[in-house]
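Read through the structure below, which is laid out as structure tokens, and then see the notes.
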Amino acid sequence: MYAIVEIAGKQYKVEKDSIVNVDRLKEISGNITIDKVLLFSNDGDTQVGQPYISNVKVEAEILKEIKGNKVKGVKFKKRKNYTRTVGHRPVYSQLKINNLIVG
């Protein structure tokens, strides 16, 4: 049993008891309910929303905020002897999927 949900404009595949890293959410801790479910599959029985499924919800718990791997980028201008390296570490919210509710 799995679902494809939309969180902060991005789509994630979630299953029960899985841990998902999503873009930083406003909430720091606690439980959240995700109602933007795009697809739900249970043993071959698949429901597809247009755009969302109204009777399926996902309960998740925010565990902590973590930093991702460093993302590097390079700026340069040809023939001008200009090169600059830039980088940052994105911050993610770590979610634990507790339950997929149908109905």
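Residue names in the structure tokens use chain letters A, B, ... in the order shown, residue numbers from 1 in each chain, and ligand numbers from 1 in the order shown.
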
*Which polymer residues have any atom within 10 Å of an atom of Ser18 of chain A, counting only C-alpha atoms, with same-chain residues fewer than 5 positions away left out, as a ChimeraX atom specification?*
/A:13,60,95-99

How close does segment 64-90 of chain A get to segment 20-27 of chain A? List, as a tab-separated table, each residue of segment 64-90 of chain A within 9 Å, its nearest atom pair and the distance in Å to one decimal, counting only C-alpha atoms.
```
residue	atom	partner	partner_atom	distance
A:Glu65	CA	A:Arg24	CA	7.4
A:Ile66	CA	A:Asn21	CA	8.4
A:Pro90	CA	A:Asp23	CA	8.2
```

_Closest of A:Glu6, A:Glu61, A:Glu15, A:Asp45 to Ile28 of chain A - atom-to-atom distances counting only C-alpha atoms_ =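 When distances to Ile28 of chain A are compared using only C-alpha atoms, the smallest one comes from A:Glu61.
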
_I'd like to know which of A:Ile19, A:Leu63, A:Leu38, A:Gly30 is closest to Ala3 of chain A, using only C-alpha atoms._
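The shortest atom-to-atom distance to Ala3 of chain A comes from A:Leu38.
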
*Smallest atom-to-atom distance to Lys10 of chain A: which of A:His88, A:Lys77, A:Lys36, A:Lys70, using only C-alpha atoms?*
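Nearest to Lys10 of chain A: A:Lys36.
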
*In Å to one decimal, how far is atom CA of Val102 of chain A from atom CA of Ser29 of chain A?*
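Separating atom CA of Ser29 of chain A from atom CA of Val102 of chain A is a distance of 24.6 Å.
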